[in-house]
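A.B. asks: Below you'll find structure.cif; it's mmCIF, C-alpha atoms (C1' of nucleotides).
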data_start
loop_
_atom_site.group_PDB
_atom_site.id
_atom_site.type_symbol
_atom_site.label_atom_id
_atom_site.label_comp_id
_atom_site.auth_asym_id
_atom_site.auth_seq_id
_atom_site.Cartn_x
_atom_site.Cartn_y
_atom_site.Cartn_z
ATOM 1 C CA MET I 290 115.583 96.776 91.933
ATOM 2 C CA PRO I 291 113.380 94.503 90.116
ATOM 3 C CA GLU I 292 109.670 95.120 89.791
ATOM 4 C CA LEU I 293 107.862 97.236 87.214
ATOM 5 C CA PRO I 294 107.791 100.530 89.161
ATOM 6 C CA GLU I 295 111.483 100.365 90.028
ATOM 7 C CA VAL I 296 112.470 99.417 86.476
ATOM 8 C CA GLU I 297 110.287 102.205 85.083
ATOM 9 C CA ASN I 298 112.026 104.744 87.311
ATOM 10 C CA VAL I 299 115.406 103.480 86.163
ATOM 11 C CA ARG I 300 114.239 103.785 82.547
ATOM 12 C CA LEU I 301 113.154 107.402 82.984
ATOM 13 C CA LYS I 302 116.380 108.344 84.738
ATOM 14 C CA LEU I 303 118.510 106.583 82.121
ATOM 15 C CA LEU I 304 116.695 108.431 79.336
ATOM 16 C CA ASN I 305 117.627 111.711 80.988
ATOM 17 C CA ILE I 306 121.246 110.695 81.205
ATOM 18 C CA ILE I 307 122.020 108.956 77.912
ATOM 19 C CA LYS I 308 119.316 109.737 75.362
ATOM 20 C CA ASN I 309 121.001 110.617 72.058
ATOM 21 C CA LYS I 310 124.462 109.923 73.487
ATOM 22 C CA THR I 311 126.903 107.934 71.394
ATOM 23 C CA LEU I 312 128.550 104.879 72.931
ATOM 24 C CA LEU I 313 132.348 105.061 72.702
ATOM 25 C CA LYS I 314 133.605 102.041 74.608
ATOM 26 C CA ILE I 315 132.484 99.047 76.658
ATOM 27 C CA ASP I 316 134.457 97.305 79.383
ATOM 28 C CA ILE I 317 133.414 93.854 80.516
ATOM 29 C CA PHE I 318 135.218 92.582 83.610
ATOM 30 C CA SER I 319 136.015 88.914 84.247
ATOM 31 C CA GLU I 320 133.660 87.814 81.544
ATOM 32 C CA HIS I 321 134.362 84.132 82.253
ATOM 33 C CA ASN I 322 132.433 84.576 85.506
ATOM 34 C CA LEU I 323 129.475 86.160 83.777
ATOM 35 C CA SER I 324 128.271 83.303 81.601
ATOM 36 C CA ASN I 325 124.735 83.458 82.978
ATOM 37 C CA LEU I 326 124.639 87.249 82.966
ATOM 38 C CA LEU I 327 125.744 87.781 79.377
ATOM 39 C CA GLY I 328 123.394 86.323 76.791
ATOM 40 C CA THR I 329 125.695 87.331 73.939
ATOM 41 C CA GLU I 330 129.384 87.060 73.049
ATOM 42 C CA VAL I 331 131.577 90.000 74.017
ATOM 43 C CA ASN I 332 132.235 90.972 70.402
ATOM 44 C CA GLU I 333 128.488 91.469 69.951
ATOM 45 C CA PHE I 334 128.629 94.099 72.681
ATOM 46 C CA ASN I 335 131.452 95.823 70.840
ATOM 47 C CA SER I 336 129.247 96.054 67.754
ATOM 48 C CA LEU I 337 127.223 98.681 69.646
ATOM 49 C CA ILE I 338 130.173 101.067 69.733
ATOM 50 C CA ASN I 339 129.647 104.275 67.737
ATOM 51 C CA SER I 340 125.872 103.874 67.889
ATOM 52 C CA ALA I 341 123.676 106.332 69.764
ATOM 53 C CA ILE I 342 120.945 105.571 72.271
ATOM 54 C CA THR I 343 117.792 106.608 70.432
ATOM 55 C CA ASP I 344 115.296 105.234 72.945
ATOM 56 C CA ILE I 345 114.928 103.161 76.097
ATOM 57 C CA LEU I 346 111.827 100.987 76.370
ATOM 58 C CA ARG I 347 110.426 98.743 79.071
ATOM 59 C CA TYR I 348 108.647 95.443 78.658
ATOM 60 C CA GLY I 349 107.560 94.015 81.995
ATOM 61 C CA LYS I 350 110.743 94.122 84.078
ATOM 62 C CA TYR I 351 113.044 94.260 81.039
ATOM 63 C CA LEU I 352 114.780 97.395 79.831
ATOM 64 C CA VAL I 353 115.470 97.640 76.103
ATOM 65 C CA PHE I 354 118.095 100.134 74.938
ATOM 66 C CA GLU I 355 117.758 101.061 71.278
ATOM 67 C CA PHE I 356 121.126 101.722 69.632
ATOM 68 C CA THR I 357 121.068 103.382 66.222
ATOM 69 C CA SER I 358 123.993 103.906 63.864
ATOM 70 C CA SER I 359 124.080 105.046 60.262
ATOM 71 C CA SER I 360 123.954 101.433 59.097
ATOM 72 C CA ASP I 361 121.614 99.672 61.523
ATOM 73 C CA THR I 362 119.645 99.432 64.757
ATOM 74 C CA LYS I 363 120.414 97.024 67.581
ATOM 75 C CA TYR I 364 118.900 96.436 70.987
ATOM 76 C CA LEU I 365 120.462 95.786 74.353
ATOM 77 C CA VAL I 366 117.972 93.842 76.493
ATOM 78 C CA SER I 367 118.626 94.175 80.225
ATOM 79 C CA HIS I 368 117.031 92.494 83.230
ATOM 80 C CA LEU I 369 118.114 93.507 86.719
ATOM 81 C CA GLY I 370 117.453 90.156 88.370
ATOM 82 C CA MET I 371 117.443 90.469 92.159
ATOM 83 C CA SER I 372 120.311 92.881 92.649
ATOM 84 C CA GLY I 373 121.142 94.552 89.328
ATOM 85 C CA LYS I 374 121.668 98.315 89.350
ATOM 86 C CA TYR I 375 122.888 101.009 87.009
ATOM 87 C CA TYR I 376 125.154 103.746 88.264
ATOM 88 C CA GLN I 377 126.343 106.900 86.571
ATOM 89 C CA ASN I 378 130.034 107.868 86.871
ATOM 90 C CA LYS I 379 130.524 105.906 90.085
ATOM 91 C CA VAL I 380 133.905 104.740 91.379
ATOM 92 C CA LEU I 381 133.917 101.111 90.261
ATOM 93 C CA ASP I 382 133.905 98.198 92.678
ATOM 94 C CA LYS I 383 134.079 94.432 92.265
ATOM 95 C CA HIS I 384 130.373 94.152 91.467
ATOM 96 C CA ASP I 385 130.484 96.546 88.508
ATOM 97 C CA HIS I 386 130.618 93.965 85.732
ATOM 98 C CA VAL I 387 130.003 96.010 82.591
ATOM 99 C CA VAL I 388 130.798 99.675 81.946
ATOM 100 C CA PHE I 389 129.372 101.694 79.055
ATOM 101 C CA TYR I 390 131.351 104.831 78.152
ATOM 102 C CA PHE I 391 129.430 107.545 76.324
ATOM 103 C CA GLU I 392 130.371 110.896 74.865
ATOM 104 C CA ASP I 393 130.530 113.911 77.210
ATOM 105 C CA ASP I 394 132.446 111.853 79.826
ATOM 106 C CA ILE I 395 129.359 109.961 80.893
ATOM 107 C CA TYR I 396 129.772 106.361 81.884
ATOM 108 C CA LEU I 397 127.231 103.914 83.116
ATOM 109 C CA SER I 398 128.133 100.829 85.115
ATOM 110 C CA TYR I 399 126.007 97.747 85.452
ATOM 111 C CA ASN I 400 126.472 96.479 89.013
ATOM 112 C CA ASP I 401 125.019 93.173 90.123
ATOM 113 C CA VAL I 402 126.039 91.523 93.396
ATOM 114 C CA ARG I 403 124.159 88.281 92.825
ATOM 115 C CA LYS I 404 124.576 88.167 89.028
ATOM 116 C CA PHE I 405 120.994 87.031 88.411
ATOM 117 C CA GLY I 406 120.520 89.754 85.812
ATOM 118 C CA LEU I 407 120.774 89.540 82.041
ATOM 119 C CA LEU I 408 122.423 91.623 79.340
ATOM 120 C CA THR I 409 121.928 90.474 75.777
ATOM 121 C CA ILE I 410 122.121 92.024 72.303
ATOM 122 C CA LYS I 411 119.348 91.573 69.750
ATOM 123 C CA THR I 412 118.765 92.641 66.167
ATOM 124 C CA LYS I 413 115.422 94.178 65.275
ATOM 125 C CA GLU I 414 114.479 90.825 63.756
ATOM 126 C CA GLN I 415 115.326 88.895 66.927
ATOM 127 C CA LEU I 416 113.933 91.277 69.519
ATOM 128 C CA PHE I 417 110.440 89.825 69.809
ATOM 129 C CA THR I 418 111.027 86.467 68.141
ATOM 130 C CA THR I 419 113.647 85.099 70.551
ATOM 131 C CA ASN I 420 114.161 84.766 74.292
ATOM 132 C CA PRO I 421 113.432 86.498 76.521
ATOM 133 C CA LEU I 422 110.854 88.836 74.984
ATOM 134 C CA ASN I 423 109.157 86.355 72.660
ATOM 135 C CA LEU I 424 107.199 84.691 75.457
ATOM 136 C CA LEU I 425 106.729 87.718 77.700
ATOM 137 C CA ALA I 426 103.099 88.593 78.481
ATOM 138 C CA PRO I 427 101.825 92.191 78.402
ATOM 139 C CA ASP I 428 102.013 94.171 81.648
ATOM 140 C CA PRO I 429 98.882 95.243 83.602
ATOM 141 C CA PHE I 430 98.718 98.523 81.660
ATOM 142 C CA SER I 431 98.317 96.782 78.319
ATOM 143 C CA ILE I 432 96.923 93.298 78.959
ATOM 144 C CA SER I 433 93.424 92.419 77.823
ATOM 145 C CA CYS I 434 91.163 91.321 80.649
ATOM 146 C CA GLU I 435 89.727 88.431 78.620
ATOM 147 C CA VAL I 436 93.171 87.127 77.704
ATOM 148 C CA PHE I 437 94.263 87.385 81.341
ATOM 149 C CA TYR I 438 91.128 85.663 82.605
ATOM 150 C CA ASN I 439 91.535 82.835 80.090
ATOM 151 C CA SER I 440 95.205 82.351 81.096
ATOM 152 C CA LEU I 441 94.270 82.122 84.766
ATOM 153 C CA ASN I 442 91.557 79.616 84.066
ATOM 154 C CA LYS I 443 93.932 77.294 82.254
ATOM 155 C CA HIS I 444 95.935 76.724 85.444
ATOM 156 C CA HIS I 445 95.481 75.036 88.765
ATOM 157 C CA HIS I 446 98.271 76.984 90.419
ATOM 158 C CA GLU I 447 97.648 79.414 93.232
ATOM 159 C CA ILE I 448 96.725 82.880 92.013
ATOM 160 C CA LYS I 449 99.815 84.461 93.577
ATOM 161 C CA THR I 450 102.063 82.115 91.619
ATOM 162 C CA LEU I 451 100.161 82.931 88.431
ATOM 163 C CA ILE I 452 100.457 86.703 88.714
ATOM 164 C CA LEU I 453 104.199 86.282 89.301
ATOM 165 C CA ASP I 454 104.425 84.276 86.059
ATOM 166 C CA GLN I 455 105.796 86.646 83.435
ATOM 167 C CA HIS I 456 104.315 84.501 80.654
ATOM 168 C CA ILE I 457 100.829 85.238 82.026
ATOM 169 C CA ILE I 458 101.187 88.897 83.066
ATOM 170 C CA SER I 459 104.468 90.793 83.284
ATOM 171 C CA GLY I 460 105.945 93.340 85.646
ATOM 172 C CA ILE I 461 104.518 92.067 88.932
ATOM 173 C CA GLY I 462 106.974 90.739 91.533
ATOM 174 C CA ASN I 463 106.769 89.505 95.092
ATOM 175 C CA ILE I 464 106.049 92.841 96.788
ATOM 176 C CA TYR I 465 103.328 94.083 94.456
ATOM 177 C CA ALA I 466 101.714 90.647 94.093
ATOM 178 C CA ASP I 467 100.913 90.735 97.821
ATOM 179 C CA GLU I 468 99.725 94.337 97.713
ATOM 180 C CA ILE I 469 97.540 93.754 94.646
ATOM 181 C CA LEU I 470 95.833 90.617 95.993
ATOM 182 C CA TYR I 471 95.189 92.336 99.321
ATOM 183 C CA SER I 472 93.529 95.288 97.640
ATOM 184 C CA CYS I 473 91.375 92.866 95.629
ATOM 185 C CA GLY I 474 90.387 90.845 98.702
ATOM 186 C CA ILE I 475 91.610 87.670 96.987
ATOM 187 C CA SER I 476 93.559 85.030 98.905
ATOM 188 C CA PRO I 477 96.989 84.313 97.431
ATOM 189 C CA LEU I 478 96.138 80.618 97.855
ATOM 190 C CA ARG I 479 93.058 80.646 95.643
ATOM 191 C CA GLU I 480 93.301 78.437 92.605
ATOM 192 C CA GLY I 481 93.666 80.348 89.321
ATOM 193 C CA SER I 482 90.801 78.474 87.708
ATOM 194 C CA LYS I 483 88.474 79.729 90.466
ATOM 195 C CA ILE I 484 89.098 83.387 89.678
ATOM 196 C CA THR I 485 86.062 84.977 88.044
ATOM 197 C CA LEU I 486 86.090 87.385 85.112
ATOM 198 C CA GLU I 487 85.147 90.183 87.509
ATOM 199 C CA GLU I 488 87.998 89.302 89.834
ATOM 200 C CA SER I 489 90.414 89.172 86.889
ATOM 201 C CA SER I 490 89.320 92.674 86.033
ATOM 202 C CA SER I 491 89.780 93.729 89.653
ATOM 203 C CA ILE I 492 93.323 92.330 89.707
ATOM 204 C CA ILE I 493 94.217 94.355 86.615
ATOM 205 C CA SER I 494 92.651 97.606 87.817
ATOM 206 C CA ASN I 495 94.195 97.312 91.292
ATOM 207 C CA ALA I 496 97.542 96.455 89.722
ATOM 208 C CA ILE I 497 97.336 99.584 87.560
ATOM 209 C CA LYS I 498 96.422 101.698 90.584
ATOM 210 C CA ILE I 499 99.184 100.334 92.821
ATOM 211 C CA LEU I 500 101.920 100.263 90.187
ATOM 212 C CA SER I 501 101.087 103.798 89.015
ATOM 213 C CA HIS I 502 101.197 105.084 92.560
ATOM 214 C CA SER I 503 104.518 103.350 93.150
ATOM 215 C CA ILE I 504 105.999 104.705 89.909
ATOM 216 C CA LYS I 505 105.010 108.186 91.064
ATOM 217 C CA GLU I 506 106.708 107.578 94.429
ATOM 218 C CA GLY I 507 109.909 106.378 92.779
ATOM 219 C CA GLY I 508 109.281 102.681 93.468
ATOM 220 C CA SER I 509 110.024 100.835 96.694
ATOM 221 C CA THR I 510 113.453 101.021 98.305
ATOM 222 C CA ILE I 511 113.877 98.280 100.892
ATOM 223 C CA ARG I 512 117.093 96.808 102.275
ATOM 224 C CA ASP I 513 118.952 99.764 100.721
ATOM 225 C CA TYR I 514 118.431 98.625 97.159
ATOM 226 C CA ASN I 515 118.394 101.444 94.669
ATOM 227 C CA SER I 516 119.819 102.385 91.327
ATOM 228 C CA LEU I 517 121.119 105.662 89.923
ATOM 229 C CA GLY I 518 120.611 107.236 93.320
ATOM 230 C CA ILE I 519 116.853 106.716 93.090
ATOM 231 C CA LYS I 520 115.381 106.536 96.584
ATOM 232 C CA GLY I 521 111.839 105.295 96.305
ATOM 233 C CA ASN I 522 109.149 106.027 98.877
ATOM 234 C CA TYR I 523 106.571 103.385 98.109
ATOM 235 C CA GLN I 524 107.806 101.109 100.911
ATOM 236 C CA ASN I 525 106.008 103.593 103.180
ATOM 237 C CA PHE I 526 102.713 102.775 101.456
ATOM 238 C CA LEU I 527 102.927 98.989 101.707
ATOM 239 C CA VAL I 528 100.004 97.582 103.676
ATOM 240 C CA VAL I 529 100.752 93.833 103.785
ATOM 241 C CA HIS I 530 104.167 92.978 102.354
ATOM 242 C CA THR I 531 106.758 92.889 105.194
ATOM 243 C CA LYS I 532 103.929 93.502 107.709
ATOM 244 C CA GLU I 533 103.896 90.131 109.484
ATOM 245 C CA ASN I 534 101.858 90.321 112.714
ATOM 246 C CA CYS I 535 100.948 93.947 112.116
ATOM 247 C CA PRO I 536 97.207 94.634 112.360
ATOM 248 C CA CYS I 537 95.360 94.492 109.060
ATOM 249 C CA ILE I 538 94.438 98.109 108.306
ATOM 250 C CA TYR I 539 90.872 96.999 107.634
ATOM 251 C CA CYS I 540 89.951 94.262 110.189
ATOM 252 C CA LYS I 541 92.848 94.687 112.693
ATOM 253 C CA ASN I 542 93.663 90.977 112.710
ATOM 254 C CA PRO I 543 97.387 90.204 112.372
ATOM 255 C CA ILE I 544 98.849 89.882 108.880
ATOM 256 C CA LYS I 545 100.064 86.356 108.222
ATOM 257 C CA LYS I 546 103.327 85.336 106.593
ATOM 258 C CA ILE I 547 103.317 82.083 104.640
ATOM 259 C CA LYS I 548 105.134 80.533 101.675
ATOM 260 C CA VAL I 549 103.399 80.345 98.323
ATOM 261 C CA GLY I 550 105.301 78.841 95.411
ATOM 262 C CA GLY I 551 108.447 79.152 97.498
ATOM 263 C CA ARG I 552 108.032 82.904 97.971
ATOM 264 C CA SER I 553 107.320 84.756 101.205
ATOM 265 C CA THR I 554 103.716 85.847 101.113
ATOM 266 C CA TYR I 555 101.900 88.282 103.386
ATOM 267 C CA TYR I 556 98.121 88.423 103.557
ATOM 268 C CA CYS I 557 95.069 88.834 105.766
ATOM 269 C CA GLU I 558 93.233 85.547 106.098
ATOM 270 C CA TYR I 559 89.999 87.333 107.043
ATOM 271 C CA CYS I 560 89.894 90.002 104.340
ATOM 272 C CA GLN I 561 91.235 87.849 101.503
ATOM 273 C CA LYS I 562 89.040 84.988 100.351
ATOM 274 C "C1'" DA Q 215 102.438 66.353 82.766
ATOM 275 C "C1'" DA Q 216 102.686 68.774 86.886
ATOM 276 C "C1'" DC Q 217 104.437 69.900 90.973
ATOM 277 C "C1'" DG Q 218 107.774 71.479 94.496
ATOM 278 C "C1'" DA Q 219 112.696 71.898 95.101
ATOM 279 C "C1'" DA Q 220 116.945 73.338 93.830
ATOM 280 C "C1'" DA Q 221 119.836 75.945 91.138
ATOM 281 C "C1'" DC Q 222 122.120 80.261 89.903
ATOM 282 C "C1'" DC Q 223 125.085 84.039 93.399
ATOM 283 C "C1'" DT Q 224 126.523 87.178 97.327
ATOM 284 C "C1'" DG Q 225 125.804 89.581 101.507
ATOM 285 C "C1'" DC Q 226 123.455 90.668 105.692
ATOM 286 C "C1'" DG Q 227 121.425 90.049 110.154
ATOM 287 C "C1'" DC Q 228 120.150 86.992 113.565
ATOM 288 C "C1'" DG Q 229 120.760 83.602 117.419
ATOM 289 C "C1'" DC Q 230 123.861 80.850 119.872
ATOM 290 C "C1'" DT G 233 134.180 87.370 117.827
ATOM 291 C "C1'" DG G 234 132.762 83.587 115.004
ATOM 292 C "C1'" DC G 235 129.826 80.388 112.815
ATOM 293 C "C1'" DG G 236 125.839 78.600 110.780
ATOM 294 C "C1'" DC G 237 121.449 79.462 109.210
ATOM 295 C "C1'" DG G 238 117.803 81.766 106.890
ATOM 296 C "C1'" DC G 239 116.579 85.434 104.224
ATOM 297 C "C1'" DA G 240 116.484 88.568 99.975
ATOM 298 C "C1'" DG G 241 112.314 92.995 94.976
ATOM 299 C "C1'" DG G 242 113.841 86.784 89.972
ATOM 300 C "C1'" DT G 243 113.739 83.114 86.744
ATOM 301 C "C1'" DT G 244 115.010 78.659 84.913
ATOM 302 C "C1'" DT G 245 116.027 73.843 85.395
ATOM 303 C "C1'" DC G 246 115.882 69.597 87.765
ATOM 304 C "C1'" DG G 247 113.978 65.975 90.108
ATOM 305 C "C1'" DT G 248 109.946 62.792 91.718
#
What does this structure look like when you write it as C-alpha cells?
C.D. replies:
Amino acid sequence: MPELPEVENVRLKLLNIIKNKTLLKIDIFSEHNLSNLLGTEVNEFNSLINSAITDILRYGKYLVFEFTSSSDTKYLVSHLGMSGKYYQNKVLDKHDHVVFYFEDDIYLSYNDVRKFGLLTIKTKEQLFTTNPLNLLAPDPFSISCEVFYNSLNKHHHEIKTLILDQHIISGIGNIYADEILYSCGISPLREGSKITLEESSSIISNAIKILSHSIKEGGSTIRDYNSLGIKGNYQNFLVVHTKENCPCIYCKNPIKKIKVGGRSTYYCEYCQK
DNA sequence: AACGAAACCTGCGCGC
DNA sequence: TGCGCGCAGGTTTCGT
C-alpha cells in the first residue's frame, strides 16, 4: 500500500492500536531470506523489547515508530515497498515475515509478498543522518516551492520521473503522479527544466489537494491491496490513472497509456501540455 | 555523467 | 488445464 495517503492511513490506524503499548517479543521468520528487507541485524530488533511505542511518524512513504524505554529512544523505520502490509492479530501465513507482540495480547504482523519493503532500526543520532531518511526530500505538505522549482530545473528528466523521485519531493507514487499532472494540465513528458515557477507551485497545490482528499477517503485500494483492514475509496475518484481509452472528463478524447521512466503512465494528450 | 534497463520478489490474469 | 507472458501503488544498481 505504498503512496503517501495509504501510508498515512496505516499510520493513523497503527497509532490507535499500539500507542503507548510496550513491546514484549519479536519473531522474525526465515531471516536468511530477508536480507534486503531487514536493514539491521536481528539482535538490534530485540533491543526494542520492553520499550513502548511513544509515537508513529511519517516521512514521505516511510513510517517511523518511536520506541522509548527508561534508558533510551530508538526508531524502527519501515517502508512498505510494493506489497508490504501490517495486520493486527491475524492468523499468520507464509508472507508474515516479522511479528511484534505487545502487551494486552496485541500482535502486529508485517506481511510482504514481494519483500520490497524495509525494516531497519535507528538511534536518534542516526535517524536523519543515515539512509534512508538522510536524503529524503520533504513531502508536498512541507516542501518549499522555490526549493522544488530549483530541483526541477536542475534536471533534464521528464517531469513525471522527477515527481516520483523521493530525493526531489517525497510521498508521490505512480497513481498520484498521474492524477496530479492531469489536474495541473502538465504533460508527464515535459522536461523538468521547462517547468515554470508558477507550474511548480501548481504541482504542489494540486498534490496537496489530491493527497488530502485521498487521505480523507482512506487512500486507494486497487487489486485488493490493503492493510489493517483499511478499505480505501479514492480509486473511485481517479480520473486518469487506470483509465486507458476512457474519455477525458474534460475534452472527451481517450486517455492514453504510455511508459515514462519505465512506469505505466496515463494522461490526456490534449489537456496536458 | 546520464540514461534506460534490469534487478530485487511473488502472484494474478490474460491469451493461446 | 497448462504454460508463458506481461503486469503490479517502489527503489536501487547495473550496464552502455
A.B. asks: I need the output of the PyMOL selection byres ((chain Q and resi 220) around 10) for this file as a VMD selection string; which residues are they?
C.D. replies: (chain Q and resid 218 to 219 221 to 222) or (chain G and resid 245 to 247)
A.B. asks: Since we have the selection now, will you write its residues out, keeping C-alpha atoms (C1' of nucleotides), as an mmCIF file, in the frame of the given file?
C.D. replies:
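Result saved to result28.cif:
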data_model
loop_
_atom_site.group_PDB
_atom_site.id
_atom_site.type_symbol
_atom_site.label_atom_id
_atom_site.label_comp_id
_atom_site.auth_asym_id
_atom_site.auth_seq_id
_atom_site.Cartn_x
_atom_site.Cartn_y
_atom_site.Cartn_z
ATOM 1 C "C1'" DG Q 218 107.774 71.479 94.496
ATOM 2 C "C1'" DA Q 219 112.696 71.898 95.101
ATOM 3 C "C1'" DA Q 221 119.836 75.945 91.138
ATOM 4 C "C1'" DC Q 222 122.120 80.261 89.903
ATOM 5 C "C1'" DT G 245 116.027 73.843 85.395
ATOM 6 C "C1'" DC G 246 115.882 69.597 87.765
ATOM 7 C "C1'" DG G 247 113.978 65.975 90.108
#
A.B. asks: Please write the residues picked by the PyMOL selection byres ((chain G) within 10 of (chain I)) on this file as a PyMOL selection string.
C.D. replies: chain G and resi 239-243
A.B. asks: Take CA of Lys374 in chain I and CA of Asn423 in chain I and report the distance between them in Å, one decimal.
C.D. replies: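 Interatomic distance, CA of Lys374 in chain I to CA of Asn423 in chain I: 24.0 Å.
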A.B. asks: List the residues selected by the PyMOL selection byres ((chain I and resi 527) around 10) in the file shown, writing them as a ChimeraX atom specification.
C.D. replies: /I:464-465,467-468,499,503,509,522-526,528-532
A.B. asks: Fewer than 4 positions away in the same chain doesn't count, so skip those; otherwise give me all residues within 12 Å of DC237 in chain G, counting only C-alpha atoms (C1' of nucleotides), as a PyMOL selection string.
C.D. replies: chain Q and resi 226-230
A.B. asks: Take the selection from the previous step and output its residues with C-alpha atoms (C1' of nucleotides), as a compact mmCIF listing (two decimals), keeping the file's coordinate frame.
C.D. replies:
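Wrote part_9.txt, looks like this:
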# COMPACT_ATOMS: atom_id res chain seq x y z
C1' DC Q 226 123.46 90.67 105.69
C1' DG Q 227 121.42 90.05 110.15
C1' DC Q 228 120.15 86.99 113.56
C1' DG Q 229 120.76 83.60 117.42
C1' DC Q 230 123.86 80.85 119.87
A.B. asks: Could you work out an axis-aligned box for range 354-360 of chain I, taking every atom the file lists and adding 3 Å on each side, and report centre and edge lengths in Å to one decimal, as lines of an AutoDock Vina configuration file?
C.D. replies:
center_x = 120.9
center_y = 102.6
center_z = 67.0
size_x = 12.3
size_y = 10.9
size_z = 21.8
A.B. asks: Please, what distance in Å, to one decimal, runs between CA of Thr362 in chain I and CA of Asn332 in chain I?
C.D. replies: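 Interatomic distance, CA of Thr362 in chain I to CA of Asn332 in chain I: 16.2 Å.
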A.B. asks: Which residue out of I:Ala466, I:Leu326, I:Ile338, I:Ile452 has the minimum interatomic distance to chain Q when all atoms listed in the file are used?
C.D. replies: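 Closest candidate: I:Leu326.
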A.B. asks: Using only C-alpha atoms (C1' of nucleotides) and a cut-off of 8 Å, which residues of chain I sit close to chain Q? Please list them as a PyMOL selection string.
C.D. replies: chain I and resi 402-405+550
A.B. asks: How would the residues just chosen look if you wrote them out with C-alpha atoms as a CSV table (one decimal), in the frame of the given file?
C.D. replies:
chain,number,residue,atom,x,y,z
I,402,VAL,CA,126.0,91.5,93.4
I,403,ARG,CA,124.2,88.3,92.8
I,404,LYS,CA,124.6,88.2,89.0
I,405,PHE,CA,121.0,87.0,88.4
I,550,GLY,CA,105.3,78.8,95.4
A.B. asks: Can you tell me which residues surround Ser490 in chain I at a distance of at most 12 Å, considering only C-alpha atoms (C1' of nucleotides), apart from same-chain residues fewer than 3 positions away, and format the answer as a list in words?
C.D. replies: Pro429, Phe430, Ile432, Ser433, Cys434, Glu435, Val436, Phe437, Tyr438, Asn439, Leu441, Ile469, Cys473, Ile484, Thr485, Leu486, Glu487, Ile493, Ser494, Asn495, Ala496 and Ile497 of chain I
A.B. asks: If I take CA of Thr554 in chain I and CA of Cys540 in chain I, how far is one from the other in Å, to one decimal?
C.D. replies: 18.5 Å
